[in-house]
>>> print(open('target_9.cif').read())   # mmCIF, C-alpha atoms
data_my_file
loop_
_atom_site.label_atom_id
_atom_site.label_comp_id
_atom_site.auth_asym_id
_atom_site.auth_seq_id
_atom_site.Cartn_x
_atom_site.Cartn_y
_atom_site.Cartn_z
CA MET S 6 -35.25 -13.03 -10.17
CA ALA S 7 -36.49 -15.87 -7.97
CA LEU S 8 -34.26 -18.21 -9.94
CA LEU S 9 -31.26 -15.91 -9.48
CA SER S 10 -31.75 -15.84 -5.73
CA THR S 11 -31.25 -19.61 -5.55
CA ILE S 12 -27.99 -19.70 -7.48
CA ARG S 13 -25.01 -20.97 -5.49
CA GLY S 14 -21.42 -22.07 -5.98
CA ALA S 15 -19.91 -22.36 -9.45
CA THR S 16 -23.26 -21.64 -11.09
CA TRP S 17 -22.96 -18.01 -9.95
CA GLY S 18 -19.54 -17.68 -11.51
CA ARG S 19 -20.77 -19.07 -14.83
CA LEU S 20 -23.77 -16.74 -14.74
CA VAL S 21 -21.63 -13.66 -14.17
CA THR S 22 -19.17 -14.66 -16.92
CA ARG S 23 -22.02 -15.30 -19.38
CA HIS S 24 -23.76 -12.05 -18.44
CA PHE S 25 -20.58 -9.99 -18.86
CA SER S 26 -19.66 -11.55 -22.21
CA HIS S 27 -23.17 -10.97 -23.59
CA ALA S 28 -23.13 -7.40 -22.29
CA ALA S 29 -19.77 -6.75 -23.94
CA ARG S 30 -21.05 -8.05 -27.30
CA ARG S 31 -24.10 -5.77 -27.02
CA GLY S 32 -21.86 -2.80 -26.21
CA GLU S 33 -23.31 -2.52 -22.72
CA ARG S 34 -21.42 -1.97 -19.49
CA PRO S 35 -20.96 -5.10 -17.34
CA GLY S 36 -22.96 -5.07 -14.16
CA GLY S 37 -26.08 -3.68 -15.82
CA GLU S 38 -29.68 -3.59 -14.64
CA GLU S 39 -30.02 -7.31 -13.93
CA LEU S 40 -26.96 -7.48 -11.67
CA SER S 41 -27.73 -4.14 -10.04
CA ARG S 42 -31.03 -5.60 -8.81
CA LEU S 43 -29.39 -8.71 -7.39
CA LEU S 44 -29.34 -8.70 -3.61
CA LEU S 45 -25.96 -9.13 -1.92
CA ASP S 46 -27.56 -11.76 0.31
CA ASP S 47 -28.04 -13.91 -2.82
CA LEU S 48 -24.29 -14.16 -3.43
CA VAL S 49 -22.12 -17.05 -2.39
CA PRO S 50 -20.41 -16.53 0.99
CA THR S 51 -16.69 -15.86 0.57
CA SER S 52 -15.16 -16.84 3.89
CA ARG S 53 -11.59 -16.95 2.56
CA LEU S 54 -11.78 -13.40 1.22
CA GLU S 55 -11.69 -10.11 3.07
CA LEU S 56 -13.47 -6.83 2.43
CA LEU S 57 -11.15 -4.03 1.41
CA PHE S 58 -12.76 -0.61 1.78
CA GLY S 59 -11.95 2.95 0.83
CA LEU S 60 -11.23 4.61 -2.49
CA SER S 61 -7.42 4.70 -2.35
CA PRO S 62 -6.92 1.15 -1.01
CA CYS S 63 -9.22 -0.35 -3.65
CA LEU S 64 -7.75 1.69 -6.50
CA LEU S 65 -4.15 0.92 -5.54
CA ALA S 66 -4.96 -2.74 -5.00
CA LEU S 67 -6.32 -2.96 -8.54
CA ARG S 68 -3.31 -1.15 -9.95
CA ALA S 69 -0.83 -3.31 -8.05
CA ALA S 70 -2.66 -6.53 -9.04
CA ARG S 71 -1.22 -8.46 -6.09
CA ARG S 72 -4.61 -9.63 -4.83
CA SER S 73 -7.27 -11.79 -6.40
CA VAL S 74 -10.46 -9.73 -6.67
CA ALA S 75 -13.85 -11.45 -6.45
CA ARG S 76 -16.06 -8.41 -6.97
CA LEU S 77 -16.15 -4.62 -6.77
CA LEU S 78 -18.92 -2.90 -4.80
CA LEU S 79 -19.70 0.70 -5.75
CA GLN S 80 -22.32 2.59 -3.81
CA ALA S 81 -25.57 3.07 -5.69
CA GLY S 82 -27.37 6.35 -5.89
CA LYS S 83 -24.50 8.58 -6.98
CA ALA S 84 -25.17 10.62 -10.12
CA GLY S 85 -22.57 9.08 -12.37
CA LEU S 86 -19.05 7.92 -11.60
CA GLN S 87 -16.21 10.33 -12.20
CA GLY S 88 -12.49 10.55 -11.57
CA GLU S 89 -11.00 7.71 -9.59
CA ARG S 90 -14.33 5.91 -9.21
CA ALA S 91 -14.71 5.83 -12.98
CA GLU S 92 -11.16 4.49 -13.23
CA LEU S 93 -12.05 1.76 -10.75
CA LEU S 94 -15.00 0.73 -12.89
CA ARG S 95 -12.93 0.70 -16.08
CA MET S 96 -10.21 -1.42 -14.49
CA ALA S 97 -12.76 -3.86 -13.09
CA GLU S 98 -14.47 -4.22 -16.46
CA ALA S 99 -11.12 -4.78 -18.20
CA ARG S 100 -10.39 -7.64 -15.79
CA ASP S 101 -13.93 -9.08 -15.92
CA ILE S 102 -14.48 -8.39 -12.23
CA PRO S 103 -18.18 -8.41 -11.27
CA VAL S 104 -19.42 -4.94 -10.31
CA LEU S 105 -22.37 -4.50 -7.96
CA ARG S 106 -24.13 -1.30 -6.87
CA PRO S 107 -25.45 -1.81 -3.30
CA ARG S 108 -26.92 1.01 -1.30
CA ARG S 109 -24.96 2.82 1.36
CA GLN S 110 -26.72 1.08 4.25
CA LYS S 111 -25.60 -2.30 2.93
CA LEU S 112 -22.00 -1.17 2.56
CA ASP S 113 -22.10 0.32 6.07
CA THR S 114 -23.16 -3.04 7.46
CA MET S 115 -20.62 -5.01 5.46
CA CYS S 116 -17.79 -2.68 6.54
CA ARG S 117 -18.98 -2.59 10.16
CA TYR S 118 -19.50 1.16 9.77
CA GLN S 119 -15.93 1.96 8.76
CA VAL S 120 -15.43 4.94 6.43
CA HIS S 121 -15.69 3.21 3.04
CA GLN S 122 -16.27 6.24 0.77
CA GLY S 123 -18.78 4.19 -1.22
CA VAL S 124 -16.13 1.73 -2.50
CA CYS S 125 -15.40 -1.84 -1.35
CA MET S 126 -13.80 -4.91 -2.89
CA GLU S 127 -13.80 -8.56 -1.89
CA VAL S 128 -10.17 -9.62 -2.21
CA SER S 129 -7.68 -12.26 -1.18
CA PRO S 130 -5.62 -11.38 1.91
CA LEU S 131 -2.09 -9.99 1.78
CA ARG S 132 0.59 -11.62 3.90
CA PRO S 133 4.04 -10.35 4.89
CA ARG S 134 6.82 -12.09 3.00
CA PRO S 135 9.70 -13.88 4.79
CA TRP S 136 12.58 -11.48 5.28
CA SER S 137 14.84 -13.96 3.50
CA GLU S 138 13.08 -12.83 0.31
CA ALA S 139 14.06 -9.21 0.90
CA GLY S 140 17.32 -9.77 -0.97
CA GLU S 141 20.83 -9.08 0.14
CA ALA S 142 21.84 -5.44 0.24
CA SER S 143 25.50 -4.70 0.80
CA PRO S 144 26.37 -1.54 2.76
CA GLY S 145 28.74 -0.66 -0.04
CA ASP S 146 25.92 -0.56 -2.59
CA ASP S 147 24.43 2.63 -1.18
CA PRO S 148 25.47 4.25 2.11
CA GLN S 149 22.02 5.82 2.46
CA GLN S 150 19.82 2.75 2.67
CA LEU S 151 17.09 2.85 5.30
CA TRP S 152 15.04 -0.10 6.49
CA LEU S 153 12.26 0.29 9.04
CA VAL S 154 11.95 -2.51 11.61
CA LEU S 155 8.76 -2.81 13.70
CA GLU S 156 8.55 -4.91 16.84
CA GLY S 157 5.10 -5.77 18.14
CA ILE S 158 3.05 -2.95 16.57
CA GLN S 159 -0.49 -4.09 17.38
CA ASP S 160 -2.87 -1.25 16.57
CA PRO S 161 -3.90 -1.48 12.89
CA ARG S 162 -4.32 2.28 12.53
CA ASN S 163 -0.87 2.90 13.98
CA PHE S 164 0.56 0.27 11.67
CA GLY S 165 -1.14 1.80 8.64
CA ALA S 166 -0.02 5.33 9.51
CA VAL S 167 3.57 4.11 9.94
CA LEU S 168 3.47 2.41 6.53
CA ARG S 169 2.10 5.56 4.92
CA SER S 170 4.93 7.70 6.33
CA ALA S 171 7.52 5.07 5.41
CA HIS S 172 6.32 4.92 1.82
CA PHE S 173 6.04 8.71 1.53
CA LEU S 174 9.56 9.33 2.85
CA GLY S 175 11.25 6.65 0.80
CA VAL S 176 12.02 3.84 3.25
CA ASP S 177 13.54 0.98 1.27
CA LYS S 178 12.04 -1.97 3.17
CA VAL S 179 9.78 -2.67 6.16
CA ILE S 180 10.43 -5.67 8.43
CA THR S 181 7.99 -6.70 11.17
CA SER S 182 8.18 -9.23 13.96
CA ARG S 183 5.80 -12.05 13.21
CA ARG S 184 4.96 -12.54 16.88
CA ASN S 185 2.56 -10.10 18.56
CA SER S 186 2.27 -7.92 15.45
CA CYS S 187 -0.81 -6.70 13.63
CA PRO S 188 -1.45 -8.54 10.34
CA LEU S 189 -1.96 -6.76 7.02
CA THR S 190 -5.70 -6.15 7.39
CA PRO S 191 -8.08 -3.90 5.45
CA VAL S 192 -8.04 -1.46 8.38
CA VAL S 193 -4.26 -1.20 8.04
CA SER S 194 -4.63 -0.58 4.31
CA LYS S 195 -7.20 2.17 4.88
CA ALA S 196 -5.06 3.84 7.55
CA SER S 197 -2.11 3.74 5.16
CA ALA S 198 -4.22 5.41 2.41
CA GLY S 199 -3.49 2.33 0.32
CA ALA S 200 0.30 2.41 0.73
CA MET S 201 0.12 -1.15 2.09
CA GLU S 202 -1.11 -2.29 -1.33
CA VAL S 203 2.08 -1.22 -3.10
CA MET S 204 4.72 -1.81 -0.42
CA ASP S 205 6.68 -4.98 0.24
CA VAL S 206 6.35 -5.82 3.93
CA PHE S 207 8.54 -8.63 5.29
CA SER S 208 8.45 -10.46 8.61
CA THR S 209 10.71 -12.64 10.71
CA ASP S 210 10.30 -15.04 13.63
CA ASP S 211 13.72 -14.07 14.99
CA LEU S 212 13.96 -10.30 15.06
CA THR S 213 16.99 -10.29 17.38
CA GLY S 214 18.87 -12.67 15.10
CA PHE S 215 17.95 -10.55 12.07
CA LEU S 216 19.32 -7.38 13.70
CA GLN S 217 22.52 -9.08 14.77
CA THR S 218 23.06 -10.47 11.27
CA LYS S 219 22.62 -7.04 9.68
CA ALA S 220 25.00 -5.47 12.25
CA GLN S 221 27.65 -8.02 11.33
CA GLN S 222 27.18 -7.03 7.70
CA GLY S 223 28.01 -3.40 8.53
CA TRP S 224 24.56 -1.93 9.06
CA LEU S 225 23.85 0.51 11.88
CA VAL S 226 21.04 -0.74 14.11
CA ALA S 227 19.36 2.33 15.65
CA GLY S 228 16.63 1.72 18.19
CA THR S 229 14.24 4.28 19.62
CA VAL S 230 13.33 5.31 23.16
CA GLY S 231 11.10 7.88 24.78
CA CYS S 232 12.48 11.11 26.11
CA PRO S 233 14.97 10.27 28.91
CA ARG S 234 14.35 12.12 32.18
CA ALA S 235 17.15 13.56 34.27
CA GLU S 236 16.09 11.61 37.37
CA ASP S 237 16.06 8.28 35.52
CA PRO S 238 19.18 6.15 36.03
CA GLN S 239 21.11 5.20 32.91
CA SER S 240 19.65 1.73 32.44
CA SER S 241 21.58 0.94 29.28
CA GLU S 242 25.13 1.27 28.09
CA ILE S 243 23.83 1.98 24.59
CA PRO S 244 24.32 5.67 23.76
CA ILE S 245 21.18 7.80 23.42
CA THR S 246 21.15 10.74 21.02
CA SER S 247 18.60 13.21 19.70
CA CYS S 248 17.28 12.38 16.25
CA LEU S 249 18.29 15.91 15.21
CA GLU S 250 21.94 15.11 15.94
CA PHE S 251 21.97 11.77 14.17
CA LEU S 252 24.29 11.54 11.14
CA TRP S 253 23.05 9.20 8.42
CA ASP S 254 26.33 8.12 6.84
CA ARG S 255 25.80 4.37 6.43
CA PRO S 256 22.97 1.89 5.85
CA THR S 257 20.63 2.00 8.83
CA LEU S 258 17.92 -0.09 10.41
CA LEU S 259 15.50 2.11 12.39
CA VAL S 260 13.77 -0.03 15.02
CA LEU S 261 10.44 0.99 16.57
CA GLY S 262 8.81 -0.89 19.43
CA ASN S 263 5.38 -1.72 20.79
CA GLU S 264 2.91 1.10 21.49
CA GLY S 265 2.94 0.49 25.23
CA SER S 266 6.17 -1.23 26.21
CA GLY S 267 8.52 -0.05 23.48
CA LEU S 268 11.45 -2.25 22.49
CA SER S 269 11.93 -5.55 24.26
CA GLN S 270 15.15 -5.97 26.24
CA GLU S 271 16.49 -8.48 23.71
CA VAL S 272 15.90 -6.20 20.73
CA GLN S 273 17.21 -3.10 22.54
CA ALA S 274 20.37 -4.99 23.45
CA SER S 275 20.92 -5.65 19.74
CA CYS S 276 20.91 -1.91 18.97
CA GLN S 277 24.12 0.10 18.62
CA LEU S 278 22.43 3.44 19.14
CA LEU S 279 19.15 4.73 20.57
CA LEU S 280 17.41 7.73 19.03
CA SER S 281 15.04 9.98 20.95
CA ILE S 282 12.77 12.92 20.15
CA LEU S 283 13.39 15.71 22.63
CA PRO S 284 10.42 17.84 23.76
CA ARG S 285 10.45 21.62 24.08
CA ARG S 286 8.98 21.71 27.58
CA GLN S 287 9.03 19.84 30.87
CA LEU S 288 6.65 16.91 30.61
CA PRO S 289 4.58 15.32 33.38
CA PRO S 290 4.78 11.56 33.92
CA GLY S 291 2.95 9.63 31.23
CA LEU S 292 3.63 12.12 28.44
CA GLU S 293 7.33 11.41 27.89
CA SER S 294 6.71 9.68 24.58
CA LEU S 295 4.69 10.10 21.39
CA ASN S 296 2.25 7.87 19.60
CA VAL S 297 4.34 5.39 17.60
CA SER S 298 3.01 6.54 14.23
CA VAL S 299 3.72 10.19 15.07
CA ALA S 300 7.19 9.31 16.32
CA ALA S 301 7.84 7.28 13.17
CA GLY S 302 7.04 10.26 10.95
CA ILE S 303 9.30 12.61 12.91
CA LEU S 304 12.20 10.15 13.08
CA LEU S 305 11.98 9.16 9.45
CA HIS S 306 11.81 12.77 8.29
CA SER S 307 14.80 13.77 10.42
CA ILE S 308 16.81 10.95 8.87
CA CYS S 309 15.55 11.16 5.29
CA SER S 310 16.03 14.93 5.15
CA GLN S 311 19.76 14.10 5.08
CA TRP S 312 19.26 12.13 1.87
CA LYS S 313 21.33 13.67 -0.88
CA GLY S 314 18.32 13.68 -3.22
CA PHE S 315 15.94 15.34 -0.72
CA PRO S 316 14.73 18.77 -1.94
CA THR S 317 16.39 21.75 -0.27
CA GLU S 318 14.36 24.59 1.19
CA GLY S 319 15.02 26.71 -1.87
CA GLU S 320 13.93 23.90 -4.19
CA ARG S 321 10.70 23.43 -2.21
CA ARG S 322 9.90 27.16 -2.44
CA GLN S 323 10.52 27.10 -6.20
CA LEU S 324 8.29 24.07 -6.56
CA LEU S 325 5.45 25.86 -4.77
CA GLN S 326 5.87 28.90 -7.00
CA ASP S 327 5.81 26.73 -10.13
CA LEU S 328 2.61 25.07 -8.98
CA GLN S 329 0.89 28.42 -8.56
CA GLU S 330 1.62 29.51 -12.13
CA PRO S 331 -1.23 29.21 -14.66
CA SER S 332 0.88 27.01 -16.92
CA ALA S 333 1.26 24.44 -14.19
CA ARG S 334 -2.45 24.46 -13.47
CA SER S 335 -3.32 24.12 -17.14
CA GLU S 336 -1.24 20.95 -17.34
CA GLY S 337 -3.32 19.38 -14.60
CA LEU S 338 -0.67 19.43 -11.89
CA SER S 339 -1.81 19.52 -8.29
CA VAL S 340 0.02 20.16 -5.06
CA ALA S 341 -0.91 16.73 -3.79
CA GLN S 342 1.12 15.08 -6.59
CA HIS S 343 4.41 16.31 -5.18
CA PRO S 344 6.25 14.84 -2.17
CA GLY S 345 6.15 17.03 0.89
CA LEU S 346 3.16 19.03 -0.29
CA SER S 347 -0.55 18.48 0.18
CA SER S 348 -3.90 19.90 -0.73
CA GLY S 349 -7.46 19.44 0.41
CA SER S 350 -8.29 16.86 -2.26
CA GLU S 351 -7.54 13.84 -0.08
CA LYS S 352 -9.58 15.20 2.82
CA GLU S 353 -12.48 15.77 0.45
CA ARG S 354 -12.27 12.16 -0.77
CA GLN S 355 -12.22 10.87 2.80
CA ASN S 356 -15.33 12.84 3.68
CA GLU S 357 -17.28 11.47 0.72
CA SER S 358 -19.64 8.63 1.49
#
>>> encode(input="target_9.cif", output="structure tokens")
Amino acid sequence: MALLSTIRGATWGRLVTRHFSHAARRGERPGGEELSRLLLDDLVPTSRLELLFGLSPCLLALRAARRSVARLLLQAGKAGLQGERAELLRMAEARDIPVLRPRRQKLDTMCRYQVHQGVCMEVSPLRPRPWSEAGEASPGDDPQQLWLVLEGIQDPRNFGAVLRSAHFLGVDKVITSRRNSCPLTPVVSKASAGAMEVMDVFSTDDLTGFLQTKAQQGWLVAGTVGCPRAEDPQSSEIPITSCLEFLWDRPTLLVLGNEGSGLSQEVQASCQLLLSILPRRQLPPGLESLNVSVAAGILLHSICSQWKGFPTEGERRQLLQDLQEPSARSEGLSVAQHPGLSSGSEKERQNES
């Protein structure tokens, strides 16, 4: 083991490859006793990689295969790997990804005490793609297209929660402003429950120009504002309407602004309509708006519920009844597999460590 602790650079890669190939020929599982004893401090520093953490982000990243994966870290000490953790191990072995089994304290330190659920991966970073690669979508192709545009979202947990809602509710594309926006970090991926790993996120240096171009192509550009107060003067000539009264009858860009300042004046001026979420009570100063990720979920649901393929109330009730029948349970269906429904399974996974 003293020799192993001095290995650096390409020598480590050759060692791992040789070890895995020999293990496969012997019918053993890669990452056996020898590698399990190897200290993480003995491995080559990987400054150009980032540490993805959490069960869903790591699993979806492997499935999507959009990142290069240097190694998979599974917490040691658990009595066997089952379910999604076993799937992670199988996928890693199939792709010859080194698998290490560090203890929880080591993973805690590596993740800076984020909730990692005993699963981490060293991966290449994800970057937003230029919006020019989003492809041209004509308003005549589908009148119910919905793109989400984000200006200056800076909190990674807000960003991740917005992406999760957007993916869940069927948003077609997400466009971000490149300036003053949070990058696609592992924290964003964890907050999105891994949705970031499977979504195409685009960015632009000229958000105002992008909005104006789409408006000229026949898209509706709908911005968002906090709840207007009666004593506030009408500061804009752009009409403001409740999200509950909005009619989704043509392709729409829904534009959300920064957590603190909202939409910039330039972006707001490019909007044709401003949507607002109306409260049910009189609000004191400072509480006239919602957290941006909460607002995004409400706004997107109010719009997407008009989608012609969205389940009706009767269909949702029937779906719940079907799930409660023994036949449905015997086929392995779970409530969490169906849009709009949830169970405790995800919360249980999040609490595991």
>>> resolve_selection(input="target_9.cif", expression="the PyMOL selection byres ((chain S and resi 100) around 12)", output="list in words")
Thr22, Phe25, Ser26, Pro35, Leu67, Arg68, Ala70, Ser73, Val74, Ala75, Arg76, Leu77, Leu93, Leu94, Arg95, Met96, Ala97, Glu98, Ala99, Asp101, Ile102, Pro103 and Val104 of chain S
>>> atom_distance(input="target_9.cif", atom1="CA of Gln270 (chain S)", atom2="CA of Ser197 (chain S)")
28.9 Å
>>> closest_residue(input="target_9.cif", among="S:Ser208, S:Gln273, S:Gln329, S:Gln110", to="Ala139 (chain S)", atoms="all atoms listed in the file")
S:Ser208
>>> residues_around(input="target_9.cif", residues="Arg184 (chain S)", least_positions_apart="6", cutoff="12 Å", atoms="all atoms listed in the file", output="NGL selection string")
:S and (155-159 or 208-212 or 263)
>>> resolve_selection(input="target_9.cif", expression="the PyMOL selection byres ((chain S and resi 107) around 7)", output="PyMOL selection string")
chain S and resi 78-81+105-106+108-109+111-112
>>> write_last_selection(input="target_9.cif", atoms="C-alpha atoms", output="PDB file, keeping the file's coordinate frame")
ATOM      1  CA  LEU S  78     -18.920  -2.900  -4.800  1.00  0.00           C
ATOM      2  CA  LEU S  79     -19.700   0.700  -5.750  1.00  0.00           C
ATOM      3  CA  GLN S  80     -22.320   2.590  -3.810  1.00  0.00           C
ATOM      4  CA  ALA S  81     -25.570   3.070  -5.690  1.00  0.00           C
ATOM      5  CA  LEU S 105     -22.370  -4.500  -7.960  1.00  0.00           C
ATOM      6  CA  ARG S 106     -24.130  -1.300  -6.870  1.00  0.00           C
ATOM      7  CA  ARG S 108     -26.920   1.010  -1.300  1.00  0.00           C
ATOM      8  CA  ARG S 109     -24.960   2.820   1.360  1.00  0.00           C
ATOM      9  CA  LYS S 111     -25.600  -2.300   2.930  1.00  0.00           C
ATOM     10  CA  LEU S 112     -22.000  -1.170   2.560  1.00  0.00           C
TER      11      LEU S 112
END
>>> closest_residue(input="target_9.cif", among="S:Ala166, S:Cys232, S:Leu278, S:Val179", to="Gln150 (chain S)", atoms="only C-alpha atoms")
S:Val179
>>> residues_around(input="target_9.cif", residues="Leu304 (chain S)", least_positions_apart="6", cutoff="12 Å", atoms="all atoms listed in the file", output="VMD selection string")
chain S and resid 151 153 167 170 to 171 174 176 227 to 231 246 to 251 253 259 to 261 279 to 283 295 297 to 298 310 to 311
>>> decode(input="target_9.cif", residues="region 290-299 of chain S", atoms="all heavy atoms", output="compact mmCIF listing (two decimals), in the first residue's frame")
# COMPACT_ATOMS: atom_id res chain seq x y z
N PRO S 290 -45.68 46.20 4.04
CA PRO S 290 -44.52 46.45 3.17
C PRO S 290 -43.44 45.39 3.37
O PRO S 290 -43.14 44.99 4.49
CB PRO S 290 -44.05 47.84 3.61
CG PRO S 290 -45.26 48.48 4.20
CD PRO S 290 -46.03 47.38 4.85
N GLY S 291 -42.86 44.97 2.27
CA GLY S 291 -41.82 43.96 2.31
C GLY S 291 -42.30 42.56 2.02
O GLY S 291 -41.50 41.65 1.78
N LEU S 292 -43.61 42.34 2.04
CA LEU S 292 -44.16 41.01 1.79
C LEU S 292 -45.05 40.99 0.55
O LEU S 292 -45.91 40.13 0.40
CB LEU S 292 -44.96 40.52 3.00
CG LEU S 292 -44.17 40.21 4.27
CD1 LEU S 292 -45.11 39.78 5.38
CD2 LEU S 292 -43.13 39.12 4.00
N GLU S 293 -44.84 41.95 -0.35
CA GLU S 293 -45.70 42.04 -1.53
C GLU S 293 -45.35 41.04 -2.60
O GLU S 293 -46.05 40.93 -3.61
CB GLU S 293 -45.64 43.45 -2.14
CG GLU S 293 -46.04 44.58 -1.20
CD GLU S 293 -44.84 45.15 -0.46
OE1 GLU S 293 -43.77 44.48 -0.46
OE2 GLU S 293 -44.95 46.25 0.10
N SER S 294 -44.25 40.31 -2.42
CA SER S 294 -43.83 39.37 -3.45
C SER S 294 -43.44 38.06 -2.81
O SER S 294 -43.26 37.96 -1.59
CB SER S 294 -42.65 39.94 -4.26
OG SER S 294 -41.52 40.12 -3.42
N LEU S 295 -43.29 37.03 -3.66
CA LEU S 295 -42.92 35.69 -3.21
C LEU S 295 -41.47 35.38 -3.59
O LEU S 295 -40.90 36.03 -4.47
CB LEU S 295 -43.84 34.65 -3.86
CG LEU S 295 -45.31 34.68 -3.43
CD1 LEU S 295 -46.14 33.83 -4.38
CD2 LEU S 295 -45.46 34.17 -2.00
N ASN S 296 -40.91 34.40 -2.93
CA ASN S 296 -39.64 33.87 -3.37
C ASN S 296 -39.75 33.48 -4.84
O ASN S 296 -40.77 32.96 -5.29
CB ASN S 296 -39.29 32.65 -2.51
CG ASN S 296 -38.09 31.89 -3.02
OD1 ASN S 296 -38.22 31.06 -3.91
ND2 ASN S 296 -36.94 32.17 -2.46
N VAL S 297 -38.68 33.72 -5.61
CA VAL S 297 -38.77 33.54 -7.06
C VAL S 297 -39.06 32.09 -7.44
O VAL S 297 -39.79 31.84 -8.42
CB VAL S 297 -37.47 34.04 -7.74
CG1 VAL S 297 -36.27 33.19 -7.35
CG2 VAL S 297 -37.62 34.06 -9.26
N SER S 298 -38.55 31.13 -6.69
CA SER S 298 -38.83 29.74 -7.04
C SER S 298 -40.28 29.37 -6.74
O SER S 298 -40.90 28.60 -7.48
CB SER S 298 -37.88 28.80 -6.30
OG SER S 298 -38.06 28.87 -4.90
N VAL S 299 -40.83 29.92 -5.65
CA VAL S 299 -42.25 29.70 -5.34
C VAL S 299 -43.13 30.35 -6.39
O VAL S 299 -44.09 29.75 -6.90
CB VAL S 299 -42.58 30.23 -3.94
CG1 VAL S 299 -44.07 30.12 -3.66
CG2 VAL S 299 -41.78 29.48 -2.87
